[in-house]
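As stored in my_file_8.pdb (PDB, C-alpha atoms):
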ATOM      1  CA  MET A   1      82.001 119.886 184.652
ATOM      2  CA  SER A   2      85.415 120.745 183.208
ATOM      3  CA  LEU A   3      88.732 119.741 184.731
ATOM      4  CA  TYR A   4      91.612 122.216 184.856
ATOM      5  CA  VAL A   5      95.207 121.523 185.793
ATOM      6  CA  GLN A   6      97.002 124.648 187.046
ATOM      7  CA  LYS A   7     100.755 124.802 187.649
ATOM      8  CA  PHE A   8     102.513 127.570 189.574
ATOM      9  CA  GLY A   9     106.294 127.991 189.640
ATOM     10  CA  GLY A  10     108.529 128.690 192.598
ATOM     11  CA  SER A  11     108.634 132.465 192.135
ATOM     12  CA  SER A  12     104.806 132.557 192.139
ATOM     13  CA  VAL A  13     104.657 130.990 195.618
ATOM     14  CA  ALA A  14     107.904 132.437 197.032
ATOM     15  CA  ASP A  15     106.357 133.940 200.181
ATOM     16  CA  ALA A  16     103.095 134.082 202.123
ATOM     17  CA  GLU A  17     101.738 137.068 200.178
ATOM     18  CA  LYS A  18     102.369 135.455 196.794
ATOM     19  CA  LEU A  19     101.038 132.125 198.012
ATOM     20  CA  LEU A  20      97.796 133.776 199.094
ATOM     21  CA  HIS A  21      97.535 135.491 195.696
ATOM     22  CA  VAL A  22      97.863 132.100 194.009
ATOM     23  CA  ALA A  23      95.168 130.751 196.336
ATOM     24  CA  TYR A  24      92.798 133.515 195.125
ATOM     25  CA  ILE A  25      93.483 132.536 191.490
ATOM     26  CA  ILE A  26      92.684 128.899 192.281
ATOM     27  CA  LYS A  27      89.595 129.940 194.260
ATOM     28  CA  ASN A  28      88.319 131.949 191.295
ATOM     29  CA  THR A  29      88.661 128.918 189.009
ATOM     30  CA  TYR A  30      87.010 126.628 191.549
ATOM     31  CA  GLU A  31      84.064 128.981 192.076
ATOM     32  CA  LYS A  32      83.387 128.974 188.326
ATOM     33  CA  GLY A  33      82.430 125.336 188.723
ATOM     34  CA  GLN A  34      85.643 123.728 187.522
ATOM     35  CA  ARG A  35      87.276 120.704 189.057
ATOM     36  CA  VAL A  36      90.856 121.714 189.780
ATOM     37  CA  ILE A  37      94.168 119.895 190.149
ATOM     38  CA  VAL A  38      97.036 122.197 191.131
ATOM     39  CA  VAL A  39     100.752 121.480 190.783
ATOM     40  CA  LEU A  40     103.241 123.603 192.709
ATOM     41  CA  SER A  41     107.003 123.987 192.653
ATOM     42  CA  ALA A  42     109.088 124.575 195.773
ATOM     43  CA  GLN A  43     109.005 128.138 197.083
ATOM     44  CA  GLY A  44     111.611 130.523 195.658
ATOM     45  CA  ASP A  45     115.160 129.217 195.988
ATOM     46  CA  THR A  46     114.229 126.344 198.324
ATOM     47  CA  THR A  47     115.872 123.661 196.168
ATOM     48  CA  ASP A  48     119.161 125.594 196.036
ATOM     49  CA  ARG A  49     119.015 126.101 199.799
ATOM     50  CA  LEU A  50     118.415 122.400 200.380
ATOM     51  CA  LEU A  51     121.363 121.526 198.127
ATOM     52  CA  ARG A  52     123.618 123.840 200.140
ATOM     53  CA  ALA A  53     122.406 122.193 203.353
ATOM     54  CA  ALA A  54     123.163 118.744 201.934
ATOM     55  CA  ARG A  55     126.697 119.720 200.974
ATOM     56  CA  GLU A  56     127.335 121.123 204.426
ATOM     57  CA  VAL A  57     127.011 117.616 205.835
ATOM     58  CA  ASN A  58     128.323 115.627 202.849
ATOM     59  CA  GLU A  59     130.177 117.092 199.882
ATOM     60  CA  THR A  60     129.082 114.177 197.672
ATOM     61  CA  PRO A  61     125.550 113.269 198.799
ATOM     62  CA  SER A  62     123.893 110.260 197.169
ATOM     63  CA  LYS A  63     121.307 111.000 194.489
ATOM     64  CA  ARG A  64     118.722 108.913 196.335
ATOM     65  CA  GLU A  65     118.998 111.033 199.484
ATOM     66  CA  LEU A  66     119.082 114.255 197.464
ATOM     67  CA  ASP A  67     115.762 113.266 195.886
ATOM     68  CA  ALA A  68     114.312 112.529 199.322
ATOM     69  CA  LEU A  69     115.494 115.954 200.483
ATOM     70  CA  PHE A  70     114.452 117.951 197.417
ATOM     71  CA  ALA A  71     110.938 116.472 197.455
ATOM     72  CA  THR A  72     110.253 118.210 200.775
ATOM     73  CA  GLY A  73     110.264 121.612 199.050
ATOM     74  CA  GLU A  74     107.244 120.860 196.863
ATOM     75  CA  GLN A  75     105.479 119.077 199.707
ATOM     76  CA  ALA A  76     105.775 122.210 201.833
ATOM     77  CA  SER A  77     104.370 124.353 198.995
ATOM     78  CA  VAL A  78     101.241 122.264 198.474
ATOM     79  CA  ALA A  79     100.555 121.955 202.207
ATOM     80  CA  LEU A  80     100.848 125.722 202.673
ATOM     81  CA  CYS A  81      98.645 126.411 199.658
ATOM     82  CA  ALA A  82      96.009 123.989 200.937
ATOM     83  CA  MET A  83      96.004 125.920 204.208
ATOM     84  CA  ALA A  84      95.620 129.202 202.314
ATOM     85  CA  LEU A  85      92.678 127.844 200.323
ATOM     86  CA  GLN A  86      91.018 126.533 203.469
ATOM     87  CA  ARG A  87      91.393 130.013 204.970
ATOM     88  CA  LEU A  88      89.487 131.328 201.935
ATOM     89  CA  GLY A  89      86.718 128.786 202.439
ATOM     90  CA  VAL A  90      87.791 126.442 199.619
ATOM     91  CA  PRO A  91      87.981 122.728 200.456
ATOM     92  CA  ALA A  92      91.473 121.552 199.529
ATOM     93  CA  VAL A  93      93.834 118.668 200.121
ATOM     94  CA  SER A  94      97.573 118.375 199.489
ATOM     95  CA  LEU A  95      99.115 115.185 198.133
ATOM     96  CA  CYS A  96     102.749 114.201 197.713
ATOM     97  CA  ALA A  97     103.891 111.781 195.021
ATOM     98  CA  TRP A  98     103.103 108.475 196.689
ATOM     99  CA  GLN A  99      99.648 109.690 197.735
ATOM    100  CA  ALA A 100      98.879 110.954 194.217
ATOM    101  CA  GLY A 101     100.028 107.667 192.688
ATOM    102  CA  ILE A 102     102.733 109.148 190.433
ATOM    103  CA  VAL A 103     104.940 106.230 189.360
ATOM    104  CA  THR A 104     108.346 106.838 187.801
ATOM    105  CA  GLU A 105     111.288 104.973 186.345
ATOM    106  CA  GLY A 106     114.864 105.953 185.597
ATOM    107  CA  ALA A 107     117.736 107.468 187.504
ATOM    108  CA  HIS A 108     117.373 109.639 190.582
ATOM    109  CA  GLY A 109     117.357 113.284 189.604
ATOM    110  CA  GLU A 110     116.088 112.625 186.083
ATOM    111  CA  ALA A 111     113.226 110.143 186.396
ATOM    112  CA  ASN A 112     110.328 109.809 183.937
ATOM    113  CA  VAL A 113     106.650 109.495 184.770
ATOM    114  CA  ILE A 114     105.343 106.139 183.527
ATOM    115  CA  ASP A 115     101.948 105.914 185.243
ATOM    116  CA  ILE A 116      99.539 107.849 187.435
ATOM    117  CA  ALA A 117      96.977 105.993 189.548
ATOM    118  CA  HIS A 118      93.561 107.664 189.399
ATOM    119  CA  GLU A 119      91.840 106.467 192.546
ATOM    120  CA  ARG A 120      92.983 108.922 195.223
ATOM    121  CA  ILE A 121      92.809 112.068 193.096
ATOM    122  CA  GLU A 122      89.432 111.077 191.631
ATOM    123  CA  ARG A 123      88.095 110.440 195.111
ATOM    124  CA  GLU A 124      89.212 113.863 196.346
ATOM    125  CA  LEU A 125      87.770 115.594 193.271
ATOM    126  CA  ASP A 126      84.461 113.778 193.766
ATOM    127  CA  LEU A 127      84.375 115.137 197.316
ATOM    128  CA  GLY A 128      84.481 118.630 195.827
ATOM    129  CA  ARG A 129      88.050 119.416 196.868
ATOM    130  CA  VAL A 130      90.834 121.226 195.068
ATOM    131  CA  VAL A 131      93.662 118.699 194.819
ATOM    132  CA  LEU A 132      97.164 120.112 195.243
ATOM    133  CA  VAL A 133      99.887 117.770 193.995
ATOM    134  CA  ALA A 134     103.578 118.233 194.774
ATOM    135  CA  GLY A 135     105.372 118.769 191.478
ATOM    136  CA  PHE A 136     108.809 117.592 190.376
ATOM    137  CA  GLN A 137     108.509 114.213 192.078
ATOM    138  CA  GLY A 138     107.322 110.640 191.831
ATOM    139  CA  VAL A 139     107.865 107.245 193.410
ATOM    140  CA  ASP A 140     109.709 104.432 191.667
ATOM    141  CA  GLU A 141     108.829 100.743 191.731
ATOM    142  CA  ALA A 142     111.091 100.251 194.753
ATOM    143  CA  GLY A 143     109.028 102.811 196.668
ATOM    144  CA  ASP A 144     111.755 105.471 196.676
ATOM    145  CA  LEU A 145     111.110 109.143 196.034
ATOM    146  CA  THR A 146     112.463 110.355 192.709
ATOM    147  CA  THR A 147     112.686 113.780 191.109
ATOM    148  CA  LEU A 148     112.099 114.603 187.452
ATOM    149  CA  GLY A 149     114.976 116.979 186.725
ATOM    150  CA  ARG A 150     114.840 120.489 185.245
ATOM    151  CA  GLY A 151     111.303 121.615 184.457
ATOM    152  CA  GLY A 152     109.961 118.771 186.561
ATOM    153  CA  SER A 153     106.888 120.592 187.835
ATOM    154  CA  ASP A 154     105.825 121.493 184.286
ATOM    155  CA  LEU A 155     106.223 117.819 183.428
ATOM    156  CA  SER A 156     104.145 116.809 186.464
ATOM    157  CA  ALA A 157     101.348 119.137 185.380
ATOM    158  CA  VAL A 158     101.267 117.887 181.792
ATOM    159  CA  ALA A 159     101.395 114.250 182.913
ATOM    160  CA  LEU A 160      98.430 114.810 185.240
ATOM    161  CA  ALA A 161      96.513 116.675 182.532
ATOM    162  CA  ALA A 162      97.098 113.774 180.144
ATOM    163  CA  ALA A 163      96.183 111.109 182.704
ATOM    164  CA  PHE A 164      92.927 112.801 183.704
ATOM    165  CA  HIS A 165      92.031 114.119 180.223
ATOM    166  CA  ALA A 166      91.953 117.684 181.492
ATOM    167  CA  ASP A 167      90.176 120.282 179.403
ATOM    168  CA  LEU A 168      93.069 122.693 179.888
ATOM    169  CA  CYS A 169      96.523 122.757 181.457
ATOM    170  CA  GLN A 170      97.446 126.253 182.620
ATOM    171  CA  ILE A 171     101.122 127.005 183.252
ATOM    172  CA  TYR A 172     101.642 130.177 185.284
ATOM    173  CA  THR A 173     105.040 131.832 184.696
ATOM    174  CA  ASP A 174     106.841 135.144 185.248
ATOM    175  CA  VAL A 175     105.683 136.535 181.893
ATOM    176  CA  ASP A 176     102.231 136.854 180.357
ATOM    177  CA  GLY A 177     102.517 134.125 177.788
ATOM    178  CA  VAL A 178     104.925 133.154 175.033
ATOM    179  CA  TYR A 179     106.679 136.089 173.355
ATOM    180  CA  THR A 180     108.567 136.451 170.095
ATOM    181  CA  THR A 181     111.680 136.829 172.265
ATOM    182  CA  ASP A 182     112.483 137.472 175.922
ATOM    183  CA  PRO A 183     110.452 140.591 176.863
ATOM    184  CA  ARG A 184     112.693 141.193 179.876
ATOM    185  CA  ILE A 185     115.588 141.864 177.482
ATOM    186  CA  CYS A 186     113.986 143.036 174.236
ATOM    187  CA  PRO A 187     111.448 145.906 174.451
ATOM    188  CA  THR A 188     109.981 145.089 171.008
ATOM    189  CA  ALA A 189     109.028 141.511 171.943
ATOM    190  CA  ARG A 190     105.392 140.692 171.159
ATOM    191  CA  ARG A 191     103.087 138.225 172.848
ATOM    192  CA  LEU A 192     101.893 135.373 170.651
ATOM    193  CA  GLU A 193      98.243 134.383 170.943
ATOM    194  CA  ARG A 194      98.861 130.833 169.719
ATOM    195  CA  VAL A 195     102.014 128.775 169.233
ATOM    196  CA  SER A 196     102.337 125.334 167.694
ATOM    197  CA  PHE A 197     103.823 122.495 169.717
ATOM    198  CA  ASP A 198     106.590 122.143 167.131
ATOM    199  CA  ASP A 199     107.635 125.790 167.346
ATOM    200  CA  MET A 200     107.385 125.828 171.143
ATOM    201  CA  LEU A 201     109.506 122.700 171.377
ATOM    202  CA  LEU A 202     112.212 124.253 169.192
ATOM    203  CA  LEU A 203     112.134 127.513 171.171
ATOM    204  CA  ALA A 204     112.414 125.611 174.458
ATOM    205  CA  ARG A 205     115.318 123.484 173.225
ATOM    206  CA  CYS A 206     117.120 126.570 171.942
ATOM    207  CA  GLY A 207     116.996 128.518 175.195
ATOM    208  CA  ALA A 208     113.507 129.973 175.751
ATOM    209  CA  GLN A 209     112.755 129.472 179.441
ATOM    210  CA  VAL A 210     108.975 129.723 179.374
ATOM    211  CA  LEU A 211     108.387 125.960 179.242
ATOM    212  CA  HIS A 212     110.723 123.016 179.564
ATOM    213  CA  ASP A 213     111.141 120.965 176.400
ATOM    214  CA  LYS A 214     110.196 117.661 178.098
ATOM    215  CA  SER A 215     106.803 119.037 179.109
ATOM    216  CA  VAL A 216     106.147 120.411 175.603
ATOM    217  CA  ALA A 217     107.114 117.083 174.033
ATOM    218  CA  LEU A 218     104.737 115.213 176.353
ATOM    219  CA  ALA A 219     101.919 117.700 175.699
ATOM    220  CA  ARG A 220     102.378 117.238 171.941
ATOM    221  CA  LYS A 221     102.420 113.447 172.268
ATOM    222  CA  CYS A 222      99.279 113.355 174.447
ATOM    223  CA  GLY A 223      97.401 116.249 172.817
ATOM    224  CA  VAL A 224      97.312 118.374 175.995
ATOM    225  CA  THR A 225      96.483 122.007 175.226
ATOM    226  CA  LEU A 226      98.669 124.375 177.254
ATOM    227  CA  GLU A 227      97.845 127.911 178.282
ATOM    228  CA  VAL A 228     100.854 129.944 179.411
ATOM    229  CA  ARG A 229     100.030 133.008 181.487
ATOM    230  CA  SER A 230     101.170 135.054 184.485
ATOM    231  CA  CYS A 231      99.640 135.519 187.925
ATOM    232  CA  GLU A 232      99.052 139.221 187.274
ATOM    233  CA  GLU A 233      95.468 140.411 187.118
ATOM    234  CA  GLY A 234      94.282 140.775 183.528
ATOM    235  CA  SER A 235      96.766 138.269 182.158
ATOM    236  CA  VAL A 236      95.808 137.135 178.649
ATOM    237  CA  GLY A 237      98.461 134.504 178.027
ATOM    238  CA  SER A 238      99.244 132.281 175.045
ATOM    239  CA  VAL A 239      97.882 128.936 173.913
ATOM    240  CA  VAL A 240     100.276 126.172 172.860
ATOM    241  CA  CYS A 241      98.447 123.612 170.746
ATOM    242  CA  THR A 242      98.487 121.463 167.622
ATOM    243  CA  ASP A 243      96.611 123.667 165.178
ATOM    244  CA  ALA A 244      98.388 127.004 165.643
ATOM    245  CA  THR A 245      99.533 128.459 162.339
ATOM    246  CA  GLY A 246     102.697 130.543 162.378
ATOM    247  CA  ALA A 247     103.508 133.478 160.140
ATOM    248  CA  GLY A 248     106.962 132.703 158.840
ATOM    249  CA  VAL A 249     109.182 133.476 161.835
ATOM    250  CA  THR A 250     107.743 132.655 165.268
ATOM    251  CA  GLY A 251     110.484 133.823 167.580
ATOM    252  CA  VAL A 252     114.148 134.340 168.384
ATOM    253  CA  THR A 253     115.973 133.030 171.431
ATOM    254  CA  ARG A 254     119.495 132.393 172.637
ATOM    255  CA  GLN A 255     121.151 129.637 174.590
ATOM    256  CA  LYS A 256     122.361 130.188 178.136
ATOM    257  CA  GLY A 257     125.234 128.436 179.817
ATOM    258  CA  GLU A 258     128.189 129.012 182.074
ATOM    259  CA  GLY A 259     131.551 129.301 180.376
ATOM    260  CA  LEU A 260     130.268 129.416 176.789
ATOM    261  CA  ARG A 261     132.608 131.341 174.500
ATOM    262  CA  LEU A 262     130.194 131.328 171.569
ATOM    263  CA  VAL A 263     126.429 131.482 172.047
ATOM    264  CA  PRO A 264     123.839 130.429 169.447
ATOM    265  CA  VAL A 265     121.092 132.944 168.705
ATOM    266  CA  THR A 266     118.312 130.957 167.063
ATOM    267  CA  ALA A 267     115.369 131.989 164.884
ATOM    268  CA  VAL A 268     112.415 129.576 164.753
ATOM    269  CA  GLY A 269     109.594 129.479 162.215
ATOM    270  CA  CYS A 270     107.819 127.375 159.618
ATOM    271  CA  THR A 271     109.484 129.154 156.649
ATOM    272  CA  LEU A 272     113.017 128.743 158.026
ATOM    273  CA  PRO A 273     115.768 128.327 157.151
ATOM    274  CA  SER A 274     115.604 130.789 154.271
ATOM    275  CA  LEU A 275     118.403 132.640 152.531
ATOM    276  CA  GLY A 276     116.576 135.961 152.845
ATOM    277  CA  ALA A 277     116.083 135.622 156.617
ATOM    278  CA  ILE A 278     119.677 134.539 157.172
ATOM    279  CA  ARG A 279     121.004 137.477 155.143
ATOM    280  CA  ALA A 280     118.757 139.895 157.050
ATOM    281  CA  ALA A 281     119.969 138.588 160.409
ATOM    282  CA  VAL A 282     123.663 138.554 159.508
ATOM    283  CA  SER A 283     123.535 142.008 157.883
ATOM    284  CA  ALA A 284     121.775 143.509 160.908
ATOM    285  CA  LEU A 285     124.434 142.076 163.227
ATOM    286  CA  GLU A 286     127.277 143.312 161.060
ATOM    287  CA  ARG A 287     125.802 146.835 161.035
ATOM    288  CA  GLU A 288     125.989 146.762 164.828
ATOM    289  CA  ASN A 289     129.593 145.494 164.747
ATOM    290  CA  ILE A 290     128.720 142.027 166.034
ATOM    291  CA  THR A 291     130.718 139.291 164.356
ATOM    292  CA  VAL A 292     128.935 136.098 163.285
ATOM    293  CA  CYS A 293     131.447 133.359 164.090
ATOM    294  CA  ALA A 294     129.432 130.423 162.747
ATOM    295  CA  LEU A 295     126.048 129.575 161.266
ATOM    296  CA  THR A 296     123.995 126.384 161.366
ATOM    297  CA  GLU A 297     120.678 125.423 159.805
ATOM    298  CA  GLY A 298     118.025 122.853 160.642
ATOM    299  CA  GLU A 299     114.388 122.100 160.026
ATOM    300  CA  ALA A 300     112.337 125.234 160.814
ATOM    301  CA  HIS A 301     115.270 127.124 162.341
ATOM    302  CA  PHE A 302     118.734 128.553 161.923
ATOM    303  CA  SER A 303     121.349 129.744 164.424
ATOM    304  CA  VAL A 304     124.054 132.382 164.299
ATOM    305  CA  TYR A 305     126.905 132.067 166.792
ATOM    306  CA  VAL A 306     128.200 135.206 168.486
ATOM    307  CA  ALA A 307     130.539 136.000 171.376
ATOM    308  CA  SER A 308     128.875 135.342 174.715
ATOM    309  CA  GLN A 309     129.110 138.989 175.810
ATOM    310  CA  ASP A 310     127.110 139.991 172.703
ATOM    311  CA  ALA A 311     124.375 137.351 173.023
ATOM    312  CA  ASP A 312     121.583 139.431 174.562
ATOM    313  CA  ARG A 313     122.122 142.361 172.210
ATOM    314  CA  ALA A 314     122.402 140.017 169.225
ATOM    315  CA  MET A 315     119.122 138.356 170.139
ATOM    316  CA  CYS A 316     117.354 141.734 170.087
ATOM    317  CA  ILE A 317     118.977 142.716 166.780
ATOM    318  CA  VAL A 318     118.056 139.455 165.036
ATOM    319  CA  HIS A 319     114.531 139.670 166.460
ATOM    320  CA  ASP A 320     113.980 143.163 165.103
ATOM    321  CA  ALA A 321     115.523 142.282 161.728
ATOM    322  CA  LEU A 322     113.173 139.330 161.262
ATOM    323  CA  LEU A 323     110.032 140.389 163.112
ATOM    324  CA  GLY A 324     110.097 144.166 162.805
ATOM    325  CA  ALA A 325     111.029 146.777 165.405
TER     326      ALA A 325
END
Kindly present the structure from the file in structure tokens form.
Amino acid sequence: MSLYVQKFGGSSVADAEKLLHVAYIIKNTYEKGQRVIVVLSAQGDTTDRLLRAAREVNETPSKRELDALFATGEQASVALCAMALQRLGVPAVSLCAWQAGIVTEGAHGEANVIDIAHERIERELDLGRVVLVAGFQGVDEAGDLTTLGRGGSDLSAVALAAAFHADLCQIYTDVDGVYTTDPRICPTARRLERVSFDDMLLLARCGAQVLHDKSVALARKCGVTLEVRSCEEGSVGSVVCTDATGAGVTGVTRQKGEGLRLVPVTAVGCTLPSLGAIRAAVSALERENITVCALTEGEAHFSVYVASQDADRAMCIVHDALLGA
């Protein structure tokens, strides 16, 4: 019997209707005979709402108490999803960090997973239950709740997949897989069937928001195959793995950040940097009256820096120049 780890982000479980849809996806996997561990993020903008609530009572709340507060968002998600699955006739149990045995070290707000105890989760799986684990959180050696920082639920899912030697770790996002650039901005973006860990790590570090770089780095280190897909019916998705072979240029992304005057637009691929690709990108931008203010190169990538107001358009132009319109 195979073991799947499935992770669903906050937008996928934002309300009761979406939560029930996620429960049907999990039910379908379970009824195919798989053992299933599910990791959920907090619903919608819960974490932002909790932060606002904290600052209403203390403008400078301690990081320890913020972690204790933030962890409630994911705990609510898994409890609600367990209820939804039970409504559908699927045996399910929700576990928060201390129950799941997720041990962390490091500072509050940016802790690292160092160990996961197997006993409780194994026992629940052996009882035939879907195990829903609160993402983004752990417990340190002092017994305090900790959170894992940005992308924490992705990291939780990969850590669990590694600890339990899962056959597959499925990450459900807003888009159907990994694309050559952001499909919400660029209409010519194409879905990639397979992406190497190295390329995905570079894309994540350079601004692609499909997966967080810490989760990709851990998946590469532990050999955890990732499948990125959406909750929409008929989703095909993309596989992120060791043996994917790229065709020159894999994708183009751009950095995001408040107050940036210049924004790097970065091309990633196994044949980069190359003089031909750089010339093609710069020439295409110049034809569209976008000034390249700086250029940097690194292993398997290069970046052109443009004014922040031109970043989205520049990303599309560079994408089409390198990957074809």
So, counting all atoms listed in the file, which residue among A:Leu19, A:Leu272, A:Val5, A:Ala321 is closest to Thr188 (chain A)?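 That would be A:Ala321, the residue with the smallest distance to Thr188 (chain A).
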Could you write out as a list in words the residues that the PyMOL selection byres ((chain A and resi 191-194) around 6) matches in the shown file? Val178, Tyr179, Arg190, Val195, Ser238, Val239, Val240 and Ala244 of chain A
Top pick for closest residue to Thr181 (chain A), considering A:Ile114, A:Ala42, A:Ala281, A:Ala204 and counting all atoms listed in the file: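 Result for the nearest residue to Thr181 (chain A): A:Ala204.
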Could you expand the PyMOL selection byres ((chain A and resi 34) around 9) into the explicit residues it covers here, written as a ChimeraX atom specification? /A:1-4,29-33,35-36
Using only C-alpha atoms, the best pick from A:Gly152, A:Gly177, A:Pro91, A:Gly207 as closest to Arg254 (chain A) would be A:Gly207
Any chance you could resolve the PyMOL selection byres ((chain A and resi 311) around 9) against this file and give the residues as a PDB file with C-alpha atoms, in the coordinates of the input?
ATOM      1  CA  ARG A 254     119.495 132.393 172.637  1.00  0.00           C
ATOM      2  CA  GLN A 255     121.151 129.637 174.590  1.00  0.00           C
ATOM      3  CA  LEU A 262     130.194 131.328 171.569  1.00  0.00           C
ATOM      4  CA  VAL A 263     126.429 131.482 172.047  1.00  0.00           C
ATOM      5  CA  PRO A 264     123.839 130.429 169.447  1.00  0.00           C
ATOM      6  CA  VAL A 265     121.092 132.944 168.705  1.00  0.00           C
ATOM      7  CA  TYR A 305     126.905 132.067 166.792  1.00  0.00           C
ATOM      8  CA  VAL A 306     128.200 135.206 168.486  1.00  0.00           C
ATOM      9  CA  ALA A 307     130.539 136.000 171.376  1.00  0.00           C
ATOM     10  CA  SER A 308     128.875 135.342 174.715  1.00  0.00           C
ATOM     11  CA  GLN A 309     129.110 138.989 175.810  1.00  0.00           C
ATOM     12  CA  ASP A 310     127.110 139.991 172.703  1.00  0.00           C
ATOM     13  CA  ASP A 312     121.583 139.431 174.562  1.00  0.00           C
ATOM     14  CA  ARG A 313     122.122 142.361 172.210  1.00  0.00           C
ATOM     15  CA  ALA A 314     122.402 140.017 169.225  1.00  0.00           C
ATOM     16  CA  MET A 315     119.122 138.356 170.139  1.00  0.00           C
ATOM     17  CA  CYS A 316     117.354 141.734 170.087  1.00  0.00           C
TER      18      CYS A 316
END
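Of the listed residues (A:Glu286, A:Ser274, A:Arg184, A:Phe8), A:Phe8 comes nearest to Leu211 (chain A); the distances count all atoms listed in the file.
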CA of Asp176 (chain A) to CA of Thr250 (chain A), distance in Å rounded to a single decimal: 16.6 Å
What is the distance between CA of Ala284 (chain A) and CA of Ala208 (chain A), in Å to one decimal?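 Taking CA of Ala284 (chain A) as the start and CA of Ala208 (chain A) as the end point, the length is 21.7 Å.
Near region 77-81 of chain A, within 6 Å and counting all atoms listed in the file, sit Ala42, Ser94, Leu132 and Ala134 of chain A; same-chain residues fewer than 6 positions away were not included.
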Of A:Val39, A:Val249, A:Ala92, A:Leu295, the one nearest to Gln137 (chain A) when counting all atoms listed in the file is A:Val39
With only C-alpha atoms as the basis for distance, which of A:Ala277, A:Ala84, A:Val90, A:Ala161 is at the shortest distance from Ile116 (chain A)?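 Checking each candidate against Ile116 (chain A), we get A:Ala161 as the closest.
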Coordinates-based distance that separates CA of Phe164 (chain A) from CA of Trp98 (chain A) (Å, one decimal):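 Distance between the two atoms: 17.1 Å.
Remark: residues at most 9 Å from position (115.2, 129.9, 157.8) in file coordinates are A:Gly248, A:Val249, A:Ala267, A:Val268, A:Gly269, A:Cys270, A:Thr271, A:Leu272, A:Pro273, A:Ser274, A:Leu275, A:Gly276, A:Ala277, A:Ile278, A:Glu297, A:Gly298, A:Glu299, A:Ala300, A:His301, A:Phe302, using all atoms listed in the file.
The environment of Asn112 (chain A) within 12 Å, counting only C-alpha atoms and disregarding residues fewer than 6 places along the same chain, consists of Ile102, Val103, Thr104, Glu105, Gly106, Phe136, Gln137, Gly138, Val139, Asp140, Thr146, Thr147, Leu148, Gly149, Arg150, Gly151, Gly152, Ser153, Leu155, Ser156, Ala159, Lys214, Ser215 and Leu218 of chain A.
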